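Enquirer: One structure, as structure tokens, below. Some questions next.
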Amino acid sequence: MNNASVKAFALILAGALLVLALWPSFQSPAPPEDEGIALVYPEMFLKGHLPYRDFETIYGPGNLLVLSASYSIFGINIFVERAVGLIFRLLILLGIFCVAQRWGSIVAFGCVLLTIIMLGGTQLFANTWFTALAFALCGLCIAAKVNSLWRCFVAGILAAAAILSRSDLGPAVVLAFLPLFLLMEPKTRYAFLIGGVIGLLPLVWFAIAVGPRQLIYSLFLFPVFYLSSAAYFPISTAPPDLRYIFYLDLAAIFLSLCAGFLASRRQDRQRSRREPSDMDGQAREGERDGSRAHQSGRLFFGATILGGACVHYAVSRFDGSHVINAALIPIALLPLSIFVVSSAVIKSVGRAILAAAAIIVAFVAVQLVLPVYTRYFFRGIRVSLHFENARQVGNSGDALEPGDKGIFVGDNGRSVPIGRPAVAQATQQMLTELEKVSAAGQSLLVGPGDLRRTVGADTFIYHLLPQLRPATYYLEMNPGSTNAPGSRLVDDVAKADWLVLDRSWDNINEPNRSAEFGSDVPNQVVRTKFDLWAEYGPYLILRNHRLRNSVELPPSRQ
């Protein structure tokens, strides 16, 4: 087999392993608010409702546009949404392989194996973070051919798409593309910039449609100055395992930045020694090889900058998903970083041996630091190959983990998996009752039991009851916004026909400002304008008084 065939085989094998590792996650319990956002917002957009104006979101429109296009083609359901999430993870895998394969198939395969292990423990839903990383990594790989007009143009579009998906990654994306941008010729730089401008046009359209002030508030002012203090998790409250992952991430960032800078500078020096005008044909071919190596160094350096700049994501909220997601690129590139540094220091050992040693060192380090986390990858492989059954969590005891099997609730072609049997039963009873007593076109508001503390909401319920109109701007409920003085929540509650309040959210107490109570006026509106219709587990169904003449209370409530 030639080198290209070996690389293709390694990439296909890595992709198959990632699919196997994540396949059980198609049945995993859904994060009630985060995955609800991915299910509900694109459908709202397809119905003509605009983010920032008609419903609140702190994310750019990139992921929403991708999911809207996918739903319009394949239908609106959780399996389409999770398939999109899987595709973006495969694109991240492709991006890591593209960066590392320029140093050989062995080290590239080691990098993608670590990528698979890291991704194997993530929740499969179409997270905006993975959307942005996929666009950024693929854009970097395409931009590596700096003398190609069309590739630089496409790279500019992908860089813009990454920023469009996560505006907080904007500085990281700009810095990551800078090493390659400086290597481009003037005409390819213009192509890249034109692509970037075209890629950001949707943001301009939204600014016109909803108003620039509202867009700036939603994407920058509120997340940075208001939500950050309400969502912040200090490192001191994290368990030791999570801190160890963070320390490994910092070490990997430092090593990768050193290796990326070293590779870029060494290839800069090699390129500067060559004088193409004095070369014959064979020498010019060598110059082209040197130019490709030069671009490889800049590509690696750009990828390490992107991974290093992601550390802010972990620091902003020090919990499992944020820390792991922030550490993805630096840890995935750890074998390559070790290989580049060791190759510069050790000259007497063959490259294949150094590559194998780098992979072993990286895997041992990750396994020693992340044994609690890496087991999800191995368990996913075993479940996919039917060596063991997917884990089903009971009503109490073990915490829900990636890859666990959920219980699907819903009807009419729409369903969402719930983690615990008792909650799944209560959710299904609540949905069945609302479908029976409500009328199409009536409005629904979903929130926590105590509307003074809006730490979250079961946004997925809107997806399962599409015949009811969302009654509120706050389809997701963010502390510092939904319960802030002067928010729309009071009016939204008053105009709703039905309320579904989940009291389990009231038990969440985090060491930040989300624990602070807002106004009690929304609760007063609930008490004075609504009747308790039914109660199922943590859920309360309440009916607005104005429906008394059209919907009678059950005999037990009269």
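Scheme for the structure tokens: letters A, B, ... for chains in order shown; per-chain residue numbers from 1; ligand numbers from 1 in order shown.
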At a cut-off of 12 Å, can you tabulate as CSV every residue of region 234-254 of chain A near region 345-365 of chain A together with its closest atom pair and the distance in Å to one decimal, using only C-alpha atoms and ordering rows by chain then number?

Expert:
```
residue,atom,partner,partner_atom,distance
A:Tyr244,CA,A:Ala365,CA,10.9
A:Ile245,CA,A:Ala365,CA,10.3
A:Tyr247,CA,A:Ala365,CA,11.5
A:Leu248,CA,A:Ala365,CA,8.2
A:Asp249,CA,A:Ala365,CA,11.0
A:Ala251,CA,A:Ala365,CA,10.8
A:Ala252,CA,A:Ala362,CA,9.6
```

Enquirer: Which neighbours of region 418-429 of chain A fall inside 12 Å, counting only C-alpha atoms, when residues of the same chain fewer than 6 positions from it are skipped, and could you give them as number ranges by chain?

Expert: A: 27-32, 35, 391-411, 435-436, 458, 460-461, 464-465, 500-504, 534-541

Enquirer: Return the single residue from A:Ile194, A:Val146, A:Leu50, A:Cys141 that is closest to Val210 (chain A), with distances computed using only C-alpha atoms.

Expert: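 Between A:Ile194, A:Val146, A:Leu50, A:Cys141, the residue approaching Val210 (chain A) most closely is A:Leu50.
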
Enquirer: Interatomic distance between CA of Thr528 (chain A) and CA of Leu444 (chain A)?

Expert: 17.4 Å

Enquirer: Name the closest residue to Ile331 (chain A) among the candidates A:Pro511, A:Pro371, A:Pro212, A:Gly110; distances are taken between atoms, counting only C-alpha atoms.

Expert: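 Using only C-alpha atoms, Ile331 (chain A) sits closest to A:Gly110.
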
Enquirer: When you count only C-alpha atoms, which of these residues is closest to Ile116 (chain A): A:Ala440, A:Leu333, A:Met44, A:Cys138?

Expert: A:Leu333

Enquirer: Here is a test: counting only C-alpha atoms, which residue of A:Val99, A:Ala21, A:Ala515, A:Leu183 is nearest to Ser229 (chain A)?

Expert: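 Closest residue, counting only C-alpha atoms: A:Ala515.
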
Enquirer: Counting only C-alpha atoms, which residue out of A:Phe300, A:Phe109, A:Tyr313, A:Phe254 sits closest to Phe233 (chain A)?

Expert: A:Tyr313

Enquirer: Tell me, as a PyMOL selection string, which residues lie within 12 Å of Leu180 (chain A), counting only C-alpha atoms; anything in the same chain fewer than 2 positions away does not count.

Expert: chain A and resi 139-147+152+155-156+173-178+182-185+188-189+192+264+292+294-303+305
